[in-house]
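So this one's model-v6.pdb, PDB, C-alpha atoms:
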ATOM      1  CA  MET A 221       3.202   5.561  -0.247
ATOM      2  CA  ILE A 222       5.645   7.447   1.986
ATOM      3  CA  GLU A 223       2.818   8.286   4.401
ATOM      4  CA  LEU A 224       1.844   4.607   4.610
ATOM      5  CA  ILE A 225       5.448   3.627   5.288
ATOM      6  CA  GLU A 226       5.583   6.138   8.149
ATOM      7  CA  THR A 227       2.290   4.753   9.513
ATOM      8  CA  PHE A 228       3.877   1.310   9.426
ATOM      9  CA  MET A 229       7.004   2.626  11.185
ATOM     10  CA  ASN A 230       4.815   4.017  13.961
ATOM     11  CA  TYR A 231       3.136   0.606  14.304
ATOM     12  CA  LEU A 232       6.534  -1.122  14.599
ATOM     13  CA  SER A 233       7.629   1.326  17.280
ATOM     14  CA  VAL A 234       4.469   1.599  19.380
ATOM     15  CA  GLU A 235       2.818  -1.800  19.032
ATOM     16  CA  ARG A 236       5.698  -4.120  18.200
ATOM     17  CA  GLY A 237       8.280  -2.363  20.357
ATOM     18  CA  LEU A 238      11.095  -2.818  17.840
ATOM     19  CA  SER A 239      14.400  -1.048  18.400
ATOM     20  CA  GLY A 240      15.290   2.225  16.718
ATOM     21  CA  ASN A 241      18.016   0.486  14.689
ATOM     22  CA  THR A 242      15.571  -2.118  13.336
ATOM     23  CA  ILE A 243      12.981   0.525  12.463
ATOM     24  CA  SER A 244      15.613   2.604  10.640
ATOM     25  CA  ALA A 245      16.646  -0.469   8.632
ATOM     26  CA  TYR A 246      13.000  -1.182   7.689
ATOM     27  CA  ARG A 247      12.445   2.446   6.681
ATOM     28  CA  ARG A 248      15.538   2.362   4.468
ATOM     29  CA  ASP A 249      14.606  -0.977   2.862
ATOM     30  CA  LEU A 250      11.029   0.107   2.172
ATOM     31  CA  GLY A 251      12.377   3.360   0.708
ATOM     32  CA  PHE A 252      14.264   1.321  -1.917
ATOM     33  CA  TYR A 253      11.079  -0.643  -2.594
ATOM     34  CA  ALA A 254       8.982   2.527  -2.956
ATOM     35  CA  ASP A 255      11.535   4.017  -5.390
ATOM     36  CA  PHE A 256      11.390   0.849  -7.486
ATOM     37  CA  LEU A 257       7.577   0.908  -7.644
ATOM     38  CA  ARG A 258       7.629   4.565  -8.692
ATOM     39  CA  GLN A 259      10.111   3.781 -11.479
ATOM     40  CA  ARG A 260       7.758   1.017 -12.642
ATOM     41  CA  ASP A 261       4.840   3.501 -12.633
ATOM     42  CA  VAL A 262       2.829   1.374 -10.215
ATOM     43  CA  PRO A 263      -0.113   3.697  -9.449
ATOM     44  CA  ALA A 264      -0.891   2.454  -5.919
ATOM     45  CA  LEU A 265       0.050  -0.209  -3.404
ATOM     46  CA  SER A 266      -3.250  -1.926  -4.134
ATOM     47  CA  ALA A 267      -1.945  -2.515  -7.666
ATOM     48  CA  VAL A 268       1.202  -4.348  -6.506
ATOM     49  CA  THR A 269       1.350  -8.014  -7.506
ATOM     50  CA  LYS A 270       3.726 -10.882  -6.848
ATOM     51  CA  ASN A 271       5.540  -9.967 -10.072
ATOM     52  CA  GLU A 272       6.528  -6.486  -8.872
ATOM     53  CA  ILE A 273       7.994  -7.881  -5.645
ATOM     54  CA  THR A 274       9.858 -10.629  -7.501
ATOM     55  CA  ASP A 275      11.185  -8.124 -10.058
ATOM     56  CA  PHE A 276      12.349  -5.872  -7.218
ATOM     57  CA  MET A 277      14.353  -8.708  -5.687
ATOM     58  CA  PHE A 278      16.009  -9.584  -9.003
ATOM     59  CA  ALA A 279      16.745  -5.896  -9.640
ATOM     60  CA  GLN A 280      18.482  -5.742  -6.261
ATOM     61  CA  LYS A 281      20.485  -8.846  -7.128
ATOM     62  CA  ASP A 282      21.542  -7.276 -10.457
ATOM     63  CA  LYS A 283      22.824  -4.243  -8.538
ATOM     64  CA  GLY A 284      25.132  -6.499  -6.545
ATOM     65  CA  ILE A 285      23.186  -6.274  -3.296
ATOM     66  CA  SER A 286      24.106  -9.159  -1.000
ATOM     67  CA  ALA A 287      21.749 -12.089  -0.533
ATOM     68  CA  ARG A 288      21.484 -11.257   3.169
ATOM     69  CA  SER A 289      20.397  -7.676   2.458
ATOM     70  CA  ILE A 290      17.873  -8.794  -0.171
ATOM     71  CA  GLY A 291      16.438 -11.305   2.274
ATOM     72  CA  ARG A 292      16.102  -8.561   4.901
ATOM     73  CA  ARG A 293      14.371  -6.282   2.407
ATOM     74  CA  LEU A 294      11.948  -9.044   1.489
ATOM     75  CA  ALA A 295      11.165  -9.519   5.193
ATOM     76  CA  ALA A 296      10.404  -5.794   5.504
ATOM     77  CA  ILE A 297       8.179  -5.898   2.404
ATOM     78  CA  ARG A 298       6.275  -8.900   3.757
ATOM     79  CA  MET A 299       5.648  -7.225   7.090
ATOM     80  CA  PHE A 300       4.550  -4.039   5.333
ATOM     81  CA  HIS A 301       2.037  -5.741   3.030
ATOM     82  CA  ARG A 302       0.745  -7.922   5.872
ATOM     83  CA  PHE A 303       0.172  -4.754   7.902
ATOM     84  CA  LEU A 304      -1.664  -3.058   5.010
ATOM     85  CA  ALA A 305      -3.937  -6.085   4.547
ATOM     86  CA  ARG A 306      -4.686  -6.407   8.256
ATOM     87  CA  GLU A 307      -5.522  -2.713   8.534
ATOM     88  CA  ARG A 308      -7.688  -3.067   5.390
ATOM     89  CA  ILE A 309      -5.655  -0.408   3.624
ATOM     90  CA  ALA A 310      -5.089  -3.004   0.891
ATOM     91  CA  ARG A 311      -7.398  -5.853  -0.066
ATOM     92  CA  LEU A 312      -4.717  -8.507  -0.649
ATOM     93  CA  ASP A 313      -1.195  -9.315   0.502
ATOM     94  CA  PRO A 314       0.816 -10.081  -2.687
ATOM     95  CA  SER A 315       3.919 -11.020  -0.690
ATOM     96  CA  ASN A 316       2.028 -13.993   0.741
ATOM     97  CA  LEU A 317       2.679 -15.914  -2.468
ATOM     98  CA  ILE A 318       6.457 -15.457  -2.451
ATOM     99  CA  GLU A 319       8.859 -17.974  -0.981
ATOM    100  CA  THR A 320      12.349 -17.022   0.126
ATOM    101  CA  PRO A 321      14.785 -18.907  -2.103
ATOM    102  CA  LYS A 322      16.879 -21.355  -0.100
ATOM    103  CA  LEU A 323      20.046 -20.001  -1.671
ATOM    104  CA  TRP A 324      19.414 -16.749   0.221
ATOM    105  CA  LYS A 325      19.934 -18.505   3.530
ATOM    106  CA  LYS A 326      23.623 -17.746   3.410
ATOM    107  CA  ILE A 327      25.835 -19.632   5.821
ATOM    108  CA  PRO A 328      27.477 -17.067   8.120
ATOM    109  CA  GLU A 329      31.220 -16.613   8.364
ATOM    110  CA  THR A 330      32.675 -17.971  11.600
ATOM    111  CA  LEU A 331      36.039 -18.047  13.326
ATOM    112  CA  SER A 332      37.839 -21.211  14.330
ATOM    113  CA  LEU A 333      38.539 -21.712  18.019
ATOM    114  CA  ALA A 334      42.202 -20.803  17.408
ATOM    115  CA  GLU A 335      41.160 -17.578  15.659
ATOM    116  CA  VAL A 336      38.866 -16.669  18.563
ATOM    117  CA  GLU A 337      41.751 -17.175  20.984
ATOM    118  CA  MET A 338      44.028 -14.995  18.835
ATOM    119  CA  LEU A 339      41.375 -12.275  18.609
ATOM    120  CA  ILE A 340      40.712 -12.169  22.359
ATOM    121  CA  ALA A 341      44.460 -12.113  23.078
ATOM    122  CA  GLN A 342      45.012  -8.855  21.142
ATOM    123  CA  PRO A 343      43.945  -6.160  23.672
ATOM    124  CA  ASP A 344      46.826  -4.852  25.799
ATOM    125  CA  PRO A 345      46.178  -6.020  29.407
ATOM    126  CA  ARG A 346      48.405  -3.206  30.739
ATOM    127  CA  SER A 347      46.084  -0.420  29.537
ATOM    128  CA  GLN A 348      42.611   0.466  30.768
ATOM    129  CA  GLN A 349      41.317   0.339  27.184
ATOM    130  CA  GLY A 350      42.848  -3.098  26.702
ATOM    131  CA  ILE A 351      41.237  -4.335  29.922
ATOM    132  CA  ARG A 352      37.851  -3.026  28.745
ATOM    133  CA  ASP A 353      38.213  -4.418  25.224
ATOM    134  CA  ARG A 354      39.239  -7.844  26.526
ATOM    135  CA  ALA A 355      36.126  -7.872  28.725
ATOM    136  CA  ILE A 356      33.957  -6.948  25.729
ATOM    137  CA  LEU A 357      35.422  -9.665  23.495
ATOM    138  CA  GLU A 358      35.129 -12.280  26.249
ATOM    139  CA  THR A 359      31.495 -11.270  26.841
ATOM    140  CA  LEU A 360      30.542 -11.337  23.153
ATOM    141  CA  TYR A 361      32.015 -14.797  22.650
ATOM    142  CA  ALA A 362      30.781 -16.211  25.994
ATOM    143  CA  THR A 363      27.165 -15.153  25.442
ATOM    144  CA  GLY A 364      26.579 -14.844  21.688
ATOM    145  CA  MET A 365      25.088 -11.389  22.278
ATOM    146  CA  ARG A 366      24.539  -9.019  19.388
ATOM    147  CA  VAL A 367      26.930  -6.065  19.312
ATOM    148  CA  SER A 368      24.020  -3.681  19.965
ATOM    149  CA  GLU A 369      22.931  -5.780  22.965
ATOM    150  CA  ALA A 370      26.426  -5.624  24.463
ATOM    151  CA  ALA A 371      26.508  -1.847  23.977
ATOM    152  CA  ASN A 372      23.196  -1.535  25.858
ATOM    153  CA  LEU A 373      24.176  -3.903  28.670
ATOM    154  CA  LYS A 374      23.626  -2.320  32.084
ATOM    155  CA  LEU A 375      25.322  -2.966  35.419
ATOM    156  CA  ASP A 376      22.122  -4.282  36.941
ATOM    157  CA  ASN A 377      21.859  -6.828  34.100
ATOM    158  CA  LEU A 378      24.833  -8.681  35.614
ATOM    159  CA  ASN A 379      24.943 -11.312  38.317
ATOM    160  CA  LEU A 380      28.585 -12.317  38.454
ATOM    161  CA  ASP A 381      28.141 -14.342  41.670
ATOM    162  CA  ILE A 382      26.022 -16.966  39.925
ATOM    163  CA  GLY A 383      27.467 -16.308  36.456
ATOM    164  CA  PHE A 384      24.496 -15.022  34.451
ATOM    165  CA  LEU A 385      23.480 -11.855  32.669
ATOM    166  CA  ARG A 386      20.088 -10.588  31.593
ATOM    167  CA  CYS A 387      20.034  -9.478  27.970
ATOM    168  CA  VAL A 388      17.396  -7.217  26.426
ATOM    169  CA  GLY A 389      17.157  -8.122  22.742
ATOM    170  CA  LYS A 390      14.997  -7.325  19.743
ATOM    171  CA  GLY A 391      11.459  -6.241  20.525
ATOM    172  CA  ASN A 392      12.531  -5.633  24.159
ATOM    173  CA  LYS A 393      12.500  -9.386  24.755
ATOM    174  CA  GLU A 394      14.580 -10.473  27.714
ATOM    175  CA  ARG A 395      16.664 -13.615  27.982
ATOM    176  CA  VAL A 396      19.090 -14.936  30.577
ATOM    177  CA  ILE A 397      22.475 -16.159  29.327
ATOM    178  CA  PRO A 398      25.208 -17.967  31.279
ATOM    179  CA  LEU A 399      28.652 -16.356  31.549
ATOM    180  CA  GLY A 400      31.795 -18.479  31.398
ATOM    181  CA  LYS A 401      34.605 -18.182  33.950
ATOM    182  CA  LYS A 402      36.902 -16.277  31.575
ATOM    183  CA  ALA A 403      34.216 -13.717  30.787
ATOM    184  CA  ILE A 404      33.444 -13.271  34.494
ATOM    185  CA  LEU A 405      37.133 -12.717  35.269
ATOM    186  CA  GLY A 406      37.440 -10.271  32.372
ATOM    187  CA  ILE A 407      34.414  -8.267  33.495
ATOM    188  CA  LYS A 408      35.564  -8.224  37.148
ATOM    189  CA  ARG A 409      38.977  -6.925  36.170
ATOM    190  CA  TYR A 410      37.359  -4.261  33.981
ATOM    191  CA  LEU A 411      35.057  -3.194  36.838
ATOM    192  CA  GLU A 412      38.048  -2.887  39.169
ATOM    193  CA  ALA A 413      40.803  -1.474  36.944
ATOM    194  CA  GLY A 414      39.212  -0.134  33.774
ATOM    195  CA  ARG A 415      35.735   1.287  34.173
ATOM    196  CA  PRO A 416      36.458   3.602  37.169
ATOM    197  CA  ARG A 417      39.267   5.285  35.204
ATOM    198  CA  PHE A 418      36.988   5.915  32.224
ATOM    199  CA  LEU A 419      34.228   7.320  34.424
ATOM    200  CA  LYS A 420      36.472   9.316  36.783
ATOM    201  CA  GLU A 421      33.900  11.198  38.877
ATOM    202  CA  LYS A 422      30.970  10.434  36.571
ATOM    203  CA  ALA A 423      28.271   7.778  36.934
ATOM    204  CA  SER A 424      26.730   5.521  34.295
ATOM    205  CA  GLU A 425      24.168   2.738  34.348
ATOM    206  CA  PHE A 426      25.856   1.068  31.364
ATOM    207  CA  LEU A 427      28.519  -1.591  31.784
ATOM    208  CA  PHE A 428      30.781  -0.723  28.874
ATOM    209  CA  VAL A 429      31.712   2.947  28.608
ATOM    210  CA  SER A 430      33.900   4.979  26.275
ATOM    211  CA  ARG A 431      37.050   6.857  27.270
ATOM    212  CA  PHE A 432      34.786   9.898  27.768
ATOM    213  CA  GLY A 433      32.704   8.027  30.339
ATOM    214  CA  LYS A 434      29.664   7.680  28.073
ATOM    215  CA  LYS A 435      27.887   4.542  26.875
ATOM    216  CA  ILE A 436      29.995   2.918  24.202
ATOM    217  CA  SER A 437      28.290   2.822  20.773
ATOM    218  CA  ARG A 438      27.669  -0.306  18.739
ATOM    219  CA  GLN A 439      29.694   1.272  15.909
ATOM    220  CA  SER A 440      32.687   1.605  18.237
ATOM    221  CA  LEU A 441      32.314  -2.016  19.354
ATOM    222  CA  TRP A 442      32.171  -3.194  15.754
ATOM    223  CA  LYS A 443      35.232  -1.150  14.747
ATOM    224  CA  MET A 444      37.071  -2.505  17.775
ATOM    225  CA  VAL A 445      36.393  -6.132  16.795
ATOM    226  CA  LYS A 446      37.502  -5.435  13.224
ATOM    227  CA  SER A 447      40.671  -3.675  14.350
ATOM    228  CA  TYR A 448      41.755  -6.512  16.652
ATOM    229  CA  ALA A 449      40.984  -9.071  13.929
ATOM    230  CA  ALA A 450      43.375  -7.181  11.633
ATOM    231  CA  GLU A 451      46.035  -7.166  14.366
ATOM    232  CA  ALA A 452      45.545 -10.924  14.785
ATOM    233  CA  ARG A 453      46.005 -11.277  10.987
ATOM    234  CA  ILE A 454      42.689 -13.031  10.589
ATOM    235  CA  ARG A 455      42.029 -13.100   6.853
ATOM    236  CA  LYS A 456      38.300 -13.763   6.989
ATOM    237  CA  ALA A 457      35.663 -11.110   6.297
ATOM    238  CA  ILE A 458      34.922  -9.682   9.754
ATOM    239  CA  LYS A 459      31.264  -8.810  10.262
ATOM    240  CA  PRO A 460      29.697  -7.339  13.437
ATOM    241  CA  HIS A 461      28.136 -10.662  14.478
ATOM    242  CA  ILE A 462      31.098 -12.933  13.735
ATOM    243  CA  LEU A 463      31.620 -13.776  17.428
ATOM    244  CA  ARG A 464      27.882 -14.451  17.760
ATOM    245  CA  HIS A 465      28.036 -16.842  14.790
ATOM    246  CA  SER A 466      31.179 -18.478  16.195
ATOM    247  CA  PHE A 467      29.551 -18.878  19.628
ATOM    248  CA  ALA A 468      26.578 -20.771  18.146
ATOM    249  CA  THR A 469      28.673 -22.882  15.786
ATOM    250  CA  HIS A 470      31.190 -23.936  18.442
ATOM    251  CA  LEU A 471      28.419 -24.909  20.877
ATOM    252  CA  LEU A 472      26.655 -27.057  18.279
ATOM    253  CA  GLU A 473      29.917 -28.652  17.154
ATOM    254  CA  ARG A 474      30.495 -29.763  20.730
ATOM    255  CA  GLY A 475      27.068 -31.330  21.148
ATOM    256  CA  ALA A 476      24.835 -28.528  22.494
ATOM    257  CA  ASP A 477      21.157 -29.016  21.691
ATOM    258  CA  LEU A 478      19.544 -26.686  19.177
ATOM    259  CA  ARG A 479      16.792 -25.464  21.537
ATOM    260  CA  SER A 480      19.282 -24.292  24.172
ATOM    261  CA  VAL A 481      21.335 -22.432  21.563
ATOM    262  CA  GLN A 482      18.128 -20.882  20.189
ATOM    263  CA  GLU A 483      17.219 -19.621  23.661
ATOM    264  CA  MET A 484      20.678 -18.143  24.303
ATOM    265  CA  LEU A 485      20.718 -16.406  20.911
ATOM    266  CA  GLY A 486      17.189 -15.054  21.403
ATOM    267  CA  HIS A 487      15.827 -16.440  18.120
ATOM    268  CA  SER A 488      12.036 -16.541  18.022
ATOM    269  CA  ASP A 489      12.103 -19.179  15.259
ATOM    270  CA  ILE A 490      14.307 -22.257  15.550
ATOM    271  CA  SER A 491      14.774 -22.305  11.770
ATOM    272  CA  THR A 492      16.981 -19.222  12.210
ATOM    273  CA  THR A 493      19.204 -21.184  14.591
ATOM    274  CA  GLN A 494      19.296 -24.218  12.299
ATOM    275  CA  ILE A 495      21.535 -22.385   9.850
ATOM    276  CA  TYR A 496      24.423 -23.074  12.223
ATOM    277  CA  THR A 497      23.948 -26.802  11.784
ATOM    278  CA  HIS A 498      24.757 -26.262   8.088
ATOM    279  CA  VAL A 499      28.028 -24.611   9.093
ATOM    280  CA  ASP A 500      28.909 -27.788  10.989
ATOM    281  CA  GLY A 501      27.841 -29.823   7.962
ATOM    282  CA  ASP A 502      30.226 -27.873   5.760
ATOM    283  CA  ARG A 503      33.032 -28.550   8.216
ATOM    284  CA  LEU A 504      32.286 -32.283   8.071
ATOM    285  CA  LYS A 505      32.317 -32.188   4.269
ATOM    286  CA  ALA A 506      35.691 -30.444   4.315
ATOM    287  CA  VAL A 507      37.097 -33.100   6.653
ATOM    288  CA  HIS A 508      35.648 -35.833   4.423
ATOM    289  CA  ARG A 509      37.224 -34.305   1.295
ATOM    290  CA  GLN A 510      40.573 -33.927   3.039
ATOM    291  CA  PHE A 511      40.909 -37.379   4.567
ATOM    292  CA  HIS A 512      38.723 -39.815   2.647
ATOM    293  CA  PRO A 513      40.784 -41.961   0.232
ATOM    294  CA  ARG A 514      38.175 -41.504  -2.511
ATOM    295  CA  PRO A 515      36.778 -37.983  -1.949
TER
END

Representation of the structure as structure tokens:
Amino acid sequence: MIELIETFMNYLSVERGLSGNTISAYRRDLGFYADFLRQRDVPALSAVTKNEITDFMFAQKDKGISARSIGRRLAAIRMFHRFLARERIARLDPSNLIETPKLWKKIPETLSLAEVEMLIAQPDPRSQQGIRDRAILETLYATGMRVSEAANLKLDNLNLDIGFLRCVGKGNKERVIPLGKKAILGIKRYLEAGRPRFLKEKASEFLFVSRFGKKISRQSLWKMVKSYAAEARIRKAIKPHILRHSFATHLLERGADLRSVQEMLGHSDISTTQIYTHVDGDRLKAVHRQFHPRP
């Protein structure tokens, strides 16, 4: 089974062009699945049925694994079994019969507009790190980019004169996203007063660099967002994509059409973008409960 998983990983890398982070996540998720099948004494992948996959999901739930993680593991399992069936390694695809429960489509946590403003105001504008961090936060919120996409952003991806950037997302798919005035100003200031001091005499093709002049990591970006959220005394659970979720939600709340938001987020399926309409629906319900005379 491990050999087949590695064959699948090679397929994802070579033929699908998925990122190293995505492939690592799939390998880890399928490792949990393989361990479960071994514990159940399933002799071969050809013997797997719908019941084994369903039992695996419930076993994960019993362990306290989040709905989001279980949903991701199910997606990996589906892709794996589909691959095995297409390559005729297995005769059937048992995952084909399983539907993702609607309750697993968890509504993402978002920040209010006031909380976004507080978060972005935290970096110290007098320090080169503060100038850089402000530019990063402005860019994340202005574009809805993933943290990993911002970390990989290159200088030649920017066109500040017309206010756009070119983002390379999952599967090496490119999309063009508008930049707002505040993000453009933040980036320009960083390019003038922050980035040269980090680089000193070095050169880098990447826009955002660490204090050592190297490409900043996605882990560092995520820790930075979390740290500033704590300084802003934001009580919500801060996840890496919280500014991405807030970007989409705030656009839809203000009347943006779903297709445009889908394109800016880089979602291949519009149903993924539709989850943000439920966030808006929850907000409307909260307003209704608060102000209606007979809630």

**Request:** With a distance cut-off of 12 Å and all atoms listed in the file, select the neighbouring residues of Leu224 (chain A), excluding the residue or stretch itself and same-chain residues fewer than 3 positions from it, and output the selection as number ranges by chain.
**Result:** A: 221, 227-231, 247, 250-251, 254, 264-265, 300-301, 303-304, 307, 309-310

**Message:** Could you tell me, as a PyMOL selection string, exactly which residues end up selected when the PyMOL selection byres ((chain A and resi 389) around 12) is applied to this structure?
**Reply:** chain A and resi 237-239+241-242+364-373+386-388+390-397+483-488

**Item:** Cut-off 9 Å around (14.3, -2.8, -2.3) with all atoms listed in the file: residues as a list of chain:residue names
**Value:** A:Arg248, A:Asp249, A:Leu250, A:Gly251, A:Phe252, A:Tyr253, A:Ala254, A:Asp255, A:Phe256, A:Ile273, A:Phe276, A:Met277, A:Ala279, A:Gln280, A:Ile290, A:Arg293, A:Leu294, A:Ile297

**Item:** Two-atom distance - CA of Pro513 (chain A), CA of Glu473 (chain A) (Å)
**Value:** 24.1 Å

**Message:** Using Å and a single decimal, report how far CA of Arg288 (chain A) sits from CA of Tyr496 (chain A).
**Reply:** 15.2 Å

**Message:** On this structure, the PyMOL selection byres ((chain A and resi 383) around 12) would catch which residues? List them as a ChimeraX atom specification, sorted by chain and number.
**Reply:** /A:359,362-363,377-382,384-386,396-405,407-408

**Asked** Between A:Ser266, A:Ser286, A:Thr469, A:Ser424, which one has atoms that come closest to Asp313 (chain A), using only C-alpha atoms?
**Response** A:Ser266

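Of the listed residues A:Ala413, A:Leu471, A:Leu317, A:Ala305, the one whose atoms come nearest to Ile351 (chain A) is A:Ala413, with distances taken using only C-alpha atoms.
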
**Prompt:** Which residues fall under the PyMOL selection byres ((chain A and resi 439) around 10) in this file, as number ranges by chain?
**Reply:** A: 367-368, 371, 436-438, 440-444, 460

**Asked** Between A:Ser315, A:Ala296, A:Glu421, A:Ser289, which has the minimum distance to Thr269 (chain A) (counting all atoms listed in the file)?
**Response**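 Looking only at the distances to Thr269 (chain A), the closest residue turns out to be A:Ser315.
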
**Request:** Identify, on the basis of only C-alpha atoms, every residue whose closest approach to Ile340 (chain A) does not exceed 7 Å; exclude the query and any residue fewer than 3 positions from it along the same chain; express the result as a ChimeraX atom specification.
**Result:** /A:336-337,343,354,357-358

**Between CA of His465 (chain A) and CA of Lys374 (chain A), distance in Å (one decimal)** =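 CA of Lys374 (chain A) lies 23.0 Å from CA of His465 (chain A).
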
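When only C-alpha atoms are used to compute distances to Phe432 (chain A), the closest of the residues A:Ala355, A:Leu419, A:Leu472, A:Ala295 turns out to be A:Leu419.
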
**Option closest in space to Asn316 (chain A), from A:Met299, A:Glu329, A:Leu232, A:Ile490 [counting all atoms listed in the file]** =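 Among A:Met299, A:Glu329, A:Leu232, A:Ile490, it is A:Met299 that comes nearest to Asn316 (chain A).
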
**Message:** Measuring between all atoms listed in the file, which one of A:His470, A:Arg453, A:Arg479, A:Arg352 shows the shortest distance to Pro416 (chain A)?
**Reply:**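 Under the stated criterion, the closest residue is A:Arg352.
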
Compile the contact shell of Gln348 (chain A) as a short mmCIF file (atom, residue, chain, number, x, y, z; two decimals) with C-alpha atoms, in the frame of the given file: residues with an atom at most 8 Å away, counting all atoms listed in the file, same-chain residues fewer than 5 positions apart removed.
data_model
loop_
_atom_site.label_atom_id
_atom_site.label_comp_id
_atom_site.auth_asym_id
_atom_site.auth_seq_id
_atom_site.Cartn_x
_atom_site.Cartn_y
_atom_site.Cartn_z
CA TYR A 410 37.36 -4.26 33.98
CA ALA A 413 40.80 -1.47 36.94
CA GLY A 414 39.21 -0.13 33.77
CA ARG A 415 35.74 1.29 34.17
CA ARG A 417 39.27 5.28 35.20
CA PHE A 418 36.99 5.92 32.22
#

Could you put an axis-aligned box around every listed atom of region 389-400 of chain A, padded by 6 Å on each side, and send me its centre and edge lengths in Å to one decimal, as JSON?
{"center_x": 21.6, "center_y": -12.1, "center_z": 25.6, "size_x": 32.3, "size_y": 24.8, "size_z": 23.8}
